[in-house]
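File shown here: protein.cif, holding mmCIF, C-alpha atoms.
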```cif
data_target
loop_
_atom_site.label_atom_id
_atom_site.label_comp_id
_atom_site.auth_asym_id
_atom_site.auth_seq_id
_atom_site.Cartn_x
_atom_site.Cartn_y
_atom_site.Cartn_z
CA MET A 1 -126.66 136.57 30.56
CA PRO A 2 -122.90 136.70 29.91
CA LEU A 3 -122.36 136.67 33.67
CA VAL A 4 -123.99 133.25 34.15
CA ARG A 5 -121.15 130.84 34.87
CA ASN A 6 -121.98 128.06 32.42
CA GLY A 7 -118.47 127.23 31.18
CA LEU A 8 -118.51 129.43 28.07
CA GLU A 9 -116.30 131.97 29.89
CA GLN A 10 -118.17 134.93 28.40
CA HIS A 11 -117.90 136.75 31.73
CA THR A 12 -114.15 137.10 31.01
CA ASP A 13 -114.65 138.57 27.52
CA TYR A 14 -118.08 139.33 26.07
CA THR A 15 -116.79 138.87 22.51
CA LEU A 16 -116.20 135.15 23.12
CA GLY A 17 -119.90 134.57 22.58
CA GLY A 18 -122.36 132.74 24.77
CA TRP A 19 -125.71 133.20 26.42
CA GLY A 20 -125.28 136.98 26.14
CA GLY A 21 -124.91 136.80 22.35
CA ARG A 22 -121.63 137.50 20.59
CA PRO A 23 -121.03 141.24 20.43
CA GLU A 24 -118.32 142.72 18.24
CA TYR A 25 -116.55 146.05 18.52
CA LYS A 26 -117.74 148.53 15.90
CA ASN A 27 -116.63 152.15 15.62
CA GLY A 28 -114.18 152.18 18.51
CA ASN A 29 -115.67 151.02 21.80
CA HIS A 30 -119.23 150.60 20.52
CA MET A 31 -120.36 146.96 20.72
CA GLN A 32 -122.93 145.55 18.33
CA ASP A 33 -124.41 142.07 17.86
CA GLY A 34 -122.25 139.88 15.65
CA ASN A 35 -123.61 137.51 13.05
CA ASP A 36 -123.58 133.79 13.78
CA LEU A 37 -124.36 131.42 10.93
CA LYS A 38 -127.81 129.87 10.95
CA ASN A 39 -127.99 127.26 8.19
CA GLY A 40 -125.06 129.01 6.49
CA VAL A 41 -126.69 132.46 6.58
CA PRO A 42 -125.31 135.25 8.85
CA ASP A 43 -127.92 136.18 11.44
CA SER A 44 -127.41 138.61 14.34
CA HIS A 45 -130.41 137.15 16.18
CA TYR A 46 -128.95 133.64 16.10
CA THR A 47 -126.12 134.73 18.42
CA PHE A 48 -128.82 134.58 21.13
CA GLN A 49 -131.31 132.11 19.66
CA ARG A 50 -128.84 129.21 19.48
CA TRP A 51 -128.73 129.18 23.30
CA LEU A 52 -132.44 129.73 24.12
CA PRO A 53 -133.50 126.13 24.91
CA ALA A 54 -130.61 125.77 27.37
CA ILE A 55 -131.33 129.18 28.92
CA GLN A 56 -135.04 128.43 29.36
CA ASN A 57 -134.31 125.07 31.00
CA ASP A 58 -131.72 126.70 33.26
CA TRP A 59 -134.25 129.25 34.50
CA ALA A 60 -136.92 126.56 34.93
CA ALA A 61 -134.51 124.58 37.13
CA ARG A 62 -133.71 127.69 39.15
CA ALA A 63 -137.44 128.18 39.76
CA ASP A 64 -137.63 124.55 40.94
CA TRP A 65 -134.80 125.26 43.38
CA CYS A 66 -136.93 127.98 44.96
CA VAL A 67 -139.79 125.64 45.80
CA ALA A 68 -138.06 122.28 46.34
CA ASP A 69 -137.86 121.41 50.01
CA GLU A 70 -134.58 119.54 49.52
CA TYR A 71 -131.66 119.52 47.08
CA SER A 72 -132.50 116.12 45.60
CA LYS A 73 -135.96 117.26 44.46
CA ALA A 74 -134.66 119.60 41.76
CA ASN A 75 -132.27 119.15 38.86
CA HIS A 76 -128.84 120.80 38.84
CA GLN A 77 -126.41 121.58 36.02
CA PRO A 78 -123.84 118.98 35.10
CA VAL A 79 -120.22 119.97 35.63
CA ALA A 80 -118.21 120.13 32.38
CA ARG A 81 -114.52 119.50 32.84
CA ILE A 82 -111.72 118.46 30.53
CA LEU A 83 -108.29 116.95 30.84
CA GLY A 84 -105.62 119.46 29.89
CA GLU A 85 -105.61 123.21 29.53
CA SER A 86 -108.58 125.07 28.11
CA VAL A 87 -106.27 127.44 26.18
CA ARG A 88 -103.50 125.73 24.25
CA THR A 89 -100.86 126.58 21.69
CA VAL A 90 -100.87 123.97 18.93
CA ARG A 91 -99.19 123.29 15.57
CA PRO A 92 -100.86 122.72 12.18
CA GLY A 93 -101.35 119.00 11.58
CA GLU A 94 -101.16 118.15 15.29
CA LYS A 95 -103.69 115.62 16.59
CA ILE A 96 -105.56 117.01 19.60
CA ILE A 97 -107.49 114.80 22.01
CA LEU A 98 -110.46 116.48 23.68
CA ASP A 99 -111.23 114.50 26.81
CA ALA A 100 -114.23 115.32 29.00
CA SER A 101 -113.92 112.27 31.25
CA PRO A 102 -113.65 114.38 34.46
CA SER A 103 -117.18 115.74 33.80
CA PHE A 104 -119.98 114.65 36.12
CA ASP A 105 -123.54 115.32 37.19
CA PRO A 106 -124.24 116.18 40.86
CA ASP A 107 -127.63 114.45 40.61
CA LYS A 108 -126.11 111.30 39.04
CA ASP A 109 -128.11 111.88 35.83
CA LEU A 110 -126.89 110.33 32.59
CA LEU A 111 -124.78 112.66 30.46
CA SER A 112 -124.54 113.19 26.73
CA TYR A 113 -121.57 114.87 25.11
CA GLN A 114 -121.41 117.06 22.03
CA TRP A 115 -118.22 118.73 20.77
CA TRP A 116 -118.59 121.46 18.16
CA GLN A 117 -116.60 124.23 16.54
CA TYR A 118 -117.76 127.76 17.36
CA ARG A 119 -116.46 129.20 14.09
CA GLU A 120 -117.83 132.69 14.59
CA ALA A 121 -115.97 133.11 17.90
CA GLY A 122 -112.61 132.08 16.46
CA SER A 123 -110.58 133.23 13.49
CA VAL A 124 -110.20 129.74 11.90
CA GLN A 125 -113.03 129.72 9.41
CA THR A 126 -112.17 126.30 7.98
CA GLU A 127 -114.69 123.73 9.16
CA VAL A 128 -112.80 121.30 11.37
CA VAL A 129 -113.74 117.63 11.40
CA ILE A 130 -114.31 116.46 14.97
CA LYS A 131 -114.02 112.68 15.23
CA HIS A 132 -116.31 111.17 17.87
CA ALA A 133 -118.03 114.55 18.38
CA ASP A 134 -120.80 112.89 20.40
CA ALA A 135 -118.47 111.06 22.77
CA LYS A 136 -116.68 111.84 26.02
CA ARG A 137 -113.42 111.75 24.10
CA ALA A 138 -113.11 113.42 20.70
CA GLU A 139 -110.20 114.33 18.44
CA ILE A 140 -109.29 116.80 15.75
CA ILE A 141 -106.37 117.50 13.46
CA VAL A 142 -105.31 121.15 13.74
CA PRO A 143 -105.89 122.94 10.41
CA ASP A 144 -103.08 124.75 8.63
CA ASN A 145 -104.04 128.24 9.81
CA PRO A 146 -100.99 129.69 11.62
CA GLY A 147 -101.71 132.80 13.66
CA LYS A 148 -105.40 131.93 13.93
CA GLN A 149 -107.55 130.79 16.84
CA LEU A 150 -109.93 127.83 16.95
CA HIS A 151 -112.79 127.65 19.48
CA LEU A 152 -114.21 124.23 20.36
CA ILE A 153 -117.17 123.81 22.68
CA LEU A 154 -118.06 120.84 24.83
CA GLU A 155 -121.82 120.87 25.33
CA LEU A 156 -122.65 118.58 28.23
CA THR A 157 -126.34 117.68 28.73
CA ASP A 158 -127.96 115.73 31.55
CA ASN A 159 -131.15 113.70 31.26
CA GLY A 160 -132.82 115.27 34.30
CA THR A 161 -136.04 117.30 34.25
CA PRO A 162 -135.65 119.84 32.84
CA ASN A 163 -132.53 118.67 31.05
CA LEU A 164 -129.66 121.04 31.72
CA LYS A 165 -126.49 121.97 29.86
CA SER A 166 -123.05 123.08 30.87
CA TYR A 167 -120.18 123.92 28.58
CA LYS A 168 -116.43 123.96 28.40
CA ARG A 169 -114.65 126.09 25.81
CA VAL A 170 -111.30 124.99 24.46
CA ILE A 171 -109.30 127.64 22.60
CA LEU A 172 -106.50 126.47 20.33
CA ASN A 173 -103.99 129.10 19.24
CA VAL A 174 -102.45 127.79 16.04
CA ASN A 175 -98.72 128.56 15.99
#
```

Rewrite the structure from the file as structure tokens, please.
Amino acid sequence: MPLVRNGLEQHTDYTLGGWGGRPEYKNGNHMQDGNDLKNGVPDSHYTFQRWLPAIQNDWAARADWCVADEYSKANHQPVARILGESVRTVRPGEKIILDASPSFDPDKDLLSYQWWQYREAGSVQTEVVIKHADAKRAEIIVPDNPGKQLHLILELTDNGTPNLKSYKRVILNVN
């Protein structure tokens, strides 16, 4: 599952977290499931469970592709894109604009946007307020955590059948 190109970039580093869970290195090179917070409680199963609806819909769409006699008769993932770099060096107190306006859907389905902080994947544990988190364009103020890393996820969902998701991860290195 980490090899599925969905925008979470887990194929570049399994520990980033994504559809393949969020493994952590334990005892040298041994990898073990990390704990993601489910309702504030650490849960190693939630590293996978949080993605299951999107995964199931993705596989359902892929099955449709196998039997559809033309491209337009099956749903396809939206394409999540942002303005600016996906890895940035930022300063505490800096206002960051997260702009997903280049995103689109190949089937012309309507899109919904959700920006969220993937706290477990980053080292900034402070909960960051994301203004306009359900809009194409969101903003945050970088917390005062020099030397830490903040992971923000754009979750882009179409209204096709089944509805499909794509993601874009933005990593902010706080300087």

A straight line from atom CA of A:Trp19 to atom CA of A:Asp33 spans 12.4 Å

Need the axis-aligned box for stretch 110-120 of chain A with 6 Å each side, so what are the centre and edges in Å to one decimal, as AutoDock Vina command-line options?
```
--center_x -121.7 --center_y 121.5 --center_z 23.3 --size_x 22.4 --size_y 34.4 --size_z 30.5
```

note - atom CA of A:Asp134 and atom CA of A:Trp115 are separated by 6.4 Å

Correct to one decimal, the distance atom CA of A:Leu164-atom CA of A:Asn75 is 7.8 Å

A:Ser86 proximity check over A:Lys136, A:Lys108, A:His151, A:Arg22, using only C-alpha atoms: winner is A:His151

For A:Asp105, the closest of A:Gln77, A:Asn35, A:Thr12, A:Asn27 counting all atoms listed in the file is A:Gln77

For the provided coordinates, the residues matched by the PyMOL selection byres ((chain A and resi 159-163) around 10) should be stated as a count of residues only.
25

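Of the listed residues A:Tyr118, A:Trp65, A:Phe104, A:Tyr71, the one whose atoms come nearest to A:Gly17 is A:Tyr118, with distances taken using only C-alpha atoms.
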
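Distances here use all atoms listed in the file; by that measure, the residue among A:Ser166, A:Asn29, A:Thr47, A:Gln10 closest to A:Gln114 is A:Ser166.
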
Test item: residues at most 7 Å from stretch 80-85 of chain A, only C-alpha atoms, excluding those fewer than 6 positions along its chain, as an MDAnalysis selection string:
chainID A and resid 99:104 156 166:168

Put those residues in a file: C-alpha atoms, as a short mmCIF file (atom, residue, chain, number, x, y, z; two decimals), keeping the file's coordinate frame.
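The new file part.cif reads:
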```cif
data_model
loop_
_atom_site.label_atom_id
_atom_site.label_comp_id
_atom_site.auth_asym_id
_atom_site.auth_seq_id
_atom_site.Cartn_x
_atom_site.Cartn_y
_atom_site.Cartn_z
CA ASP A 99 -111.23 114.50 26.81
CA ALA A 100 -114.23 115.32 29.00
CA SER A 101 -113.92 112.27 31.25
CA PRO A 102 -113.65 114.38 34.46
CA SER A 103 -117.18 115.74 33.80
CA PHE A 104 -119.98 114.65 36.12
CA LEU A 156 -122.65 118.58 28.23
CA SER A 166 -123.05 123.08 30.87
CA TYR A 167 -120.18 123.92 28.58
CA LYS A 168 -116.43 123.96 28.40
#
```

Closest of A:Gly147, A:Pro42, A:Pro2, A:Gly7 to A:Val124, counting all atoms listed in the file, is A:Gly147

Determine the residue set returned by the PyMOL selection byres ((chain A and resi 119) around 12) for the present structure, and present it as a PDB file with C-alpha atoms, keeping the file's coordinate frame.
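Output saved as out.pdb:
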```
ATOM      1  CA  LEU A  16    -116.200 135.150  23.120  1.00  0.00           C
ATOM      2  CA  GLY A  17    -119.900 134.570  22.580  1.00  0.00           C
ATOM      3  CA  ARG A  22    -121.630 137.500  20.590  1.00  0.00           C
ATOM      4  CA  ASN A  35    -123.610 137.510  13.050  1.00  0.00           C
ATOM      5  CA  ASP A  36    -123.580 133.790  13.780  1.00  0.00           C
ATOM      6  CA  LEU A  37    -124.360 131.420  10.930  1.00  0.00           C
ATOM      7  CA  LYS A  38    -127.810 129.870  10.950  1.00  0.00           C
ATOM      8  CA  GLY A  40    -125.060 129.010   6.490  1.00  0.00           C
ATOM      9  CA  PRO A  42    -125.310 135.250   8.850  1.00  0.00           C
ATOM     10  CA  THR A  47    -126.120 134.730  18.420  1.00  0.00           C
ATOM     11  CA  TRP A 116    -118.590 121.460  18.160  1.00  0.00           C
ATOM     12  CA  GLN A 117    -116.600 124.230  16.540  1.00  0.00           C
ATOM     13  CA  TYR A 118    -117.760 127.760  17.360  1.00  0.00           C
ATOM     14  CA  GLU A 120    -117.830 132.690  14.590  1.00  0.00           C
ATOM     15  CA  ALA A 121    -115.970 133.110  17.900  1.00  0.00           C
ATOM     16  CA  GLY A 122    -112.610 132.080  16.460  1.00  0.00           C
ATOM     17  CA  SER A 123    -110.580 133.230  13.490  1.00  0.00           C
ATOM     18  CA  VAL A 124    -110.200 129.740  11.900  1.00  0.00           C
ATOM     19  CA  GLN A 125    -113.030 129.720   9.410  1.00  0.00           C
ATOM     20  CA  THR A 126    -112.170 126.300   7.980  1.00  0.00           C
ATOM     21  CA  GLU A 127    -114.690 123.730   9.160  1.00  0.00           C
ATOM     22  CA  VAL A 128    -112.800 121.300  11.370  1.00  0.00           C
ATOM     23  CA  LYS A 148    -105.400 131.930  13.930  1.00  0.00           C
ATOM     24  CA  GLN A 149    -107.550 130.790  16.840  1.00  0.00           C
ATOM     25  CA  LEU A 150    -109.930 127.830  16.950  1.00  0.00           C
ATOM     26  CA  HIS A 151    -112.790 127.650  19.480  1.00  0.00           C
ATOM     27  CA  LEU A 152    -114.210 124.230  20.360  1.00  0.00           C
ATOM     28  CA  ILE A 153    -117.170 123.810  22.680  1.00  0.00           C
ATOM     29  CA  ILE A 171    -109.300 127.640  22.600  1.00  0.00           C
TER      30      ILE A 171
END
```

Extract stretch 16-32 of chain A from the structure I just pasted (atoms: all heavy atoms) and return it as a PDB file, in the first residue's frame.
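The result, written out as selection08.pdb:
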```pdb
ATOM      1  N   LEU A  16       6.846   8.233   6.669  1.00  0.00           N
ATOM      2  CA  LEU A  16       5.991   9.413   6.512  1.00  0.00           C
ATOM      3  C   LEU A  16       4.548   9.111   6.889  1.00  0.00           C
ATOM      4  O   LEU A  16       3.794  10.002   7.262  1.00  0.00           O
ATOM      5  CB  LEU A  16       6.038   9.924   5.071  1.00  0.00           C
ATOM      6  CG  LEU A  16       7.323  10.588   4.618  1.00  0.00           C
ATOM      7  CD1 LEU A  16       7.256  10.932   3.136  1.00  0.00           C
ATOM      8  CD2 LEU A  16       7.618  11.821   5.446  1.00  0.00           C
ATOM      9  N   GLY A  17       4.147   7.875   6.755  1.00  0.00           N
ATOM     10  CA  GLY A  17       2.772   7.493   7.040  1.00  0.00           C
ATOM     11  C   GLY A  17       1.901   7.641   5.813  1.00  0.00           C
ATOM     12  O   GLY A  17       2.116   8.511   4.976  1.00  0.00           O
ATOM     13  N   GLY A  18       0.928   6.760   5.716  1.00  0.00           N
ATOM     14  CA  GLY A  18       0.009   6.766   4.589  1.00  0.00           C
ATOM     15  C   GLY A  18      -0.758   5.463   4.551  1.00  0.00           C
ATOM     16  O   GLY A  18      -0.948   4.815   5.584  1.00  0.00           O
ATOM     17  N   TRP A  19      -1.172   5.078   3.356  1.00  0.00           N
ATOM     18  CA  TRP A  19      -2.001   3.890   3.217  1.00  0.00           C
ATOM     19  C   TRP A  19      -1.304   2.626   3.713  1.00  0.00           C
ATOM     20  O   TRP A  19      -1.951   1.642   4.018  1.00  0.00           O
ATOM     21  CB  TRP A  19      -2.411   3.717   1.764  1.00  0.00           C
ATOM     22  CG  TRP A  19      -3.474   4.674   1.318  1.00  0.00           C
ATOM     23  CD1 TRP A  19      -3.964   5.745   2.012  1.00  0.00           C
ATOM     24  CD2 TRP A  19      -4.172   4.648   0.090  1.00  0.00           C
ATOM     25  NE1 TRP A  19      -4.920   6.383   1.285  1.00  0.00           N
ATOM     26  CE2 TRP A  19      -5.067   5.730   0.083  1.00  0.00           C
ATOM     27  CE3 TRP A  19      -4.119   3.826  -1.024  1.00  0.00           C
ATOM     28  CZ2 TRP A  19      -5.919   5.997  -0.977  1.00  0.00           C
ATOM     29  CZ3 TRP A  19      -4.964   4.099  -2.085  1.00  0.00           C
ATOM     30  CH2 TRP A  19      -5.858   5.165  -2.056  1.00  0.00           C
ATOM     31  N   GLY A  20       0.001   2.639   3.827  1.00  0.00           N
ATOM     32  CA  GLY A  20       0.747   1.497   4.347  1.00  0.00           C
ATOM     33  C   GLY A  20       0.974   1.571   5.848  1.00  0.00           C
ATOM     34  O   GLY A  20       1.825   0.880   6.391  1.00  0.00           O
ATOM     35  N   GLY A  21       0.222   2.417   6.542  1.00  0.00           N
ATOM     36  CA  GLY A  21       0.429   2.618   7.974  1.00  0.00           C
ATOM     37  C   GLY A  21       1.500   3.666   8.206  1.00  0.00           C
ATOM     38  O   GLY A  21       1.830   4.448   7.319  1.00  0.00           O
ATOM     39  N   ARG A  22       2.049   3.681   9.412  1.00  0.00           N
ATOM     40  CA  ARG A  22       3.126   4.619   9.719  1.00  0.00           C
ATOM     41  C   ARG A  22       4.152   3.899  10.594  1.00  0.00           C
ATOM     42  O   ARG A  22       4.188   4.032  11.799  1.00  0.00           O
ATOM     43  CB  ARG A  22       2.589   5.869  10.432  1.00  0.00           C
ATOM     44  CG  ARG A  22       3.590   7.031  10.450  1.00  0.00           C
ATOM     45  CD  ARG A  22       3.053   8.215  11.226  1.00  0.00           C
ATOM     46  NE  ARG A  22       2.582   7.824  12.535  1.00  0.00           N
ATOM     47  CZ  ARG A  22       3.358   7.539  13.575  1.00  0.00           C
ATOM     48  NH1 ARG A  22       4.664   7.585  13.477  1.00  0.00           N
ATOM     49  NH2 ARG A  22       2.820   7.195  14.726  1.00  0.00           N
ATOM     50  N   PRO A  23       5.007   3.089   9.945  1.00  0.00           N
ATOM     51  CA  PRO A  23       5.988   2.339  10.722  1.00  0.00           C
ATOM     52  C   PRO A  23       7.062   3.249  11.318  1.00  0.00           C
ATOM     53  O   PRO A  23       7.354   4.319  10.787  1.00  0.00           O
ATOM     54  CB  PRO A  23       6.597   1.377   9.704  1.00  0.00           C
ATOM     55  CG  PRO A  23       6.308   1.960   8.373  1.00  0.00           C
ATOM     56  CD  PRO A  23       5.088   2.817   8.517  1.00  0.00           C
ATOM     57  N   GLU A  24       7.605   2.795  12.422  1.00  0.00           N
ATOM     58  CA  GLU A  24       8.706   3.490  13.092  1.00  0.00           C
ATOM     59  C   GLU A  24       9.857   2.511  13.254  1.00  0.00           C
ATOM     60  O   GLU A  24       9.638   1.307  13.379  1.00  0.00           O
ATOM     61  CB  GLU A  24       8.264   3.969  14.473  1.00  0.00           C
ATOM     62  CG  GLU A  24       7.135   4.973  14.452  1.00  0.00           C
ATOM     63  CD  GLU A  24       6.636   5.318  15.851  1.00  0.00           C
ATOM     64  OE1 GLU A  24       6.865   4.522  16.801  1.00  0.00           O
ATOM     65  OE2 GLU A  24       6.019   6.373  15.990  1.00  0.00           O
ATOM     66  N   TYR A  25      11.064   3.048  13.269  1.00  0.00           N
ATOM     67  CA  TYR A  25      12.229   2.192  13.513  1.00  0.00           C
ATOM     68  C   TYR A  25      12.322   1.888  15.001  1.00  0.00           C
ATOM     69  O   TYR A  25      12.273   2.779  15.838  1.00  0.00           O
ATOM     70  CB  TYR A  25      13.517   2.876  13.036  1.00  0.00           C
ATOM     71  CG  TYR A  25      13.679   2.837  11.543  1.00  0.00           C
ATOM     72  CD1 TYR A  25      13.398   3.955  10.772  1.00  0.00           C
ATOM     73  CD2 TYR A  25      14.104   1.678  10.907  1.00  0.00           C
ATOM     74  CE1 TYR A  25      13.534   3.919   9.393  1.00  0.00           C
ATOM     75  CE2 TYR A  25      14.239   1.632   9.528  1.00  0.00           C
ATOM     76  CZ  TYR A  25      13.961   2.751   8.779  1.00  0.00           C
ATOM     77  OH  TYR A  25      14.093   2.704   7.422  1.00  0.00           O
ATOM     78  N   LYS A  26      12.449   0.597  15.306  1.00  0.00           N
ATOM     79  CA  LYS A  26      12.622   0.133  16.684  1.00  0.00           C
ATOM     80  C   LYS A  26      13.792  -0.843  16.674  1.00  0.00           C
ATOM     81  O   LYS A  26      13.897  -1.664  15.773  1.00  0.00           O
ATOM     82  CB  LYS A  26      11.379  -0.599  17.203  1.00  0.00           C
ATOM     83  CG  LYS A  26      10.105   0.206  17.140  1.00  0.00           C
ATOM     84  CD  LYS A  26      10.007   1.170  18.273  1.00  0.00           C
ATOM     85  CE  LYS A  26       8.644   1.864  18.200  1.00  0.00           C
ATOM     86  NZ  LYS A  26       8.421   2.752  19.279  1.00  0.00           N
ATOM     87  N   ASN A  27      14.653  -0.764  17.636  1.00  0.00           N
ATOM     88  CA  ASN A  27      15.771  -1.703  17.744  1.00  0.00           C
ATOM     89  C   ASN A  27      16.577  -1.795  16.449  1.00  0.00           C
ATOM     90  O   ASN A  27      16.599  -2.817  15.779  1.00  0.00           O
ATOM     91  CB  ASN A  27      15.286  -3.102  18.151  1.00  0.00           C
ATOM     92  CG  ASN A  27      14.534  -3.080  19.456  1.00  0.00           C
ATOM     93  OD1 ASN A  27      14.931  -2.384  20.395  1.00  0.00           O
ATOM     94  ND2 ASN A  27      13.447  -3.816  19.528  1.00  0.00           N
ATOM     95  N   GLY A  28      17.174  -0.689  16.063  1.00  0.00           N
ATOM     96  CA  GLY A  28      17.987  -0.679  14.849  1.00  0.00           C
ATOM     97  C   GLY A  28      17.150  -0.548  13.604  1.00  0.00           C
ATOM     98  O   GLY A  28      16.388   0.389  13.458  1.00  0.00           O
ATOM     99  N   ASN A  29      17.252  -1.540  12.712  1.00  0.00           N
ATOM    100  CA  ASN A  29      16.533  -1.479  11.444  1.00  0.00           C
ATOM    101  C   ASN A  29      15.162  -2.139  11.476  1.00  0.00           C
ATOM    102  O   ASN A  29      14.490  -2.211  10.454  1.00  0.00           O
ATOM    103  CB  ASN A  29      17.371  -2.134  10.334  1.00  0.00           C
ATOM    104  CG  ASN A  29      18.525  -1.252   9.931  1.00  0.00           C
ATOM    105  OD1 ASN A  29      18.450  -0.031  10.042  1.00  0.00           O
ATOM    106  ND2 ASN A  29      19.603  -1.868   9.481  1.00  0.00           N
ATOM    107  N   HIS A  30      14.738  -2.639  12.614  1.00  0.00           N
ATOM    108  CA  HIS A  30      13.423  -3.269  12.725  1.00  0.00           C
ATOM    109  C   HIS A  30      12.332  -2.195  12.702  1.00  0.00           C
ATOM    110  O   HIS A  30      12.382  -1.231  13.450  1.00  0.00           O
ATOM    111  CB  HIS A  30      13.318  -4.084  14.018  1.00  0.00           C
ATOM    112  CG  HIS A  30      11.964  -4.647  14.262  1.00  0.00           C
ATOM    113  ND1 HIS A  30      11.477  -5.695  13.525  1.00  0.00           N
ATOM    114  CD2 HIS A  30      10.993  -4.295  15.129  1.00  0.00           C
ATOM    115  CE1 HIS A  30      10.253  -5.984  13.948  1.00  0.00           C
ATOM    116  NE2 HIS A  30       9.947  -5.139  14.926  1.00  0.00           N
ATOM    117  N   MET A  31      11.351  -2.368  11.812  1.00  0.00           N
ATOM    118  CA  MET A  31      10.238  -1.420  11.735  1.00  0.00           C
ATOM    119  C   MET A  31       9.010  -2.036  12.381  1.00  0.00           C
ATOM    120  O   MET A  31       8.741  -3.227  12.223  1.00  0.00           O
ATOM    121  CB  MET A  31       9.939  -1.038  10.285  1.00  0.00           C
ATOM    122  CG  MET A  31      11.084  -0.301   9.632  1.00  0.00           C
ATOM    123  SD  MET A  31      10.660   0.239   7.979  1.00  0.00           S
ATOM    124  CE  MET A  31      10.184   1.904   8.362  1.00  0.00           C
ATOM    125  N   GLN A  32       8.285  -1.184  13.096  1.00  0.00           N
ATOM    126  CA  GLN A  32       7.101  -1.622  13.827  1.00  0.00           C
ATOM    127  C   GLN A  32       6.031  -0.550  13.666  1.00  0.00           C
ATOM    128  O   GLN A  32       6.350   0.632  13.532  1.00  0.00           O
ATOM    129  CB  GLN A  32       7.510  -1.773  15.288  1.00  0.00           C
ATOM    130  CG  GLN A  32       6.445  -2.120  16.254  1.00  0.00           C
ATOM    131  CD  GLN A  32       7.053  -2.290  17.645  1.00  0.00           C
ATOM    132  OE1 GLN A  32       8.141  -2.844  17.807  1.00  0.00           O
ATOM    133  NE2 GLN A  32       6.356  -1.793  18.636  1.00  0.00           N
TER     134      GLN A  32
END
```
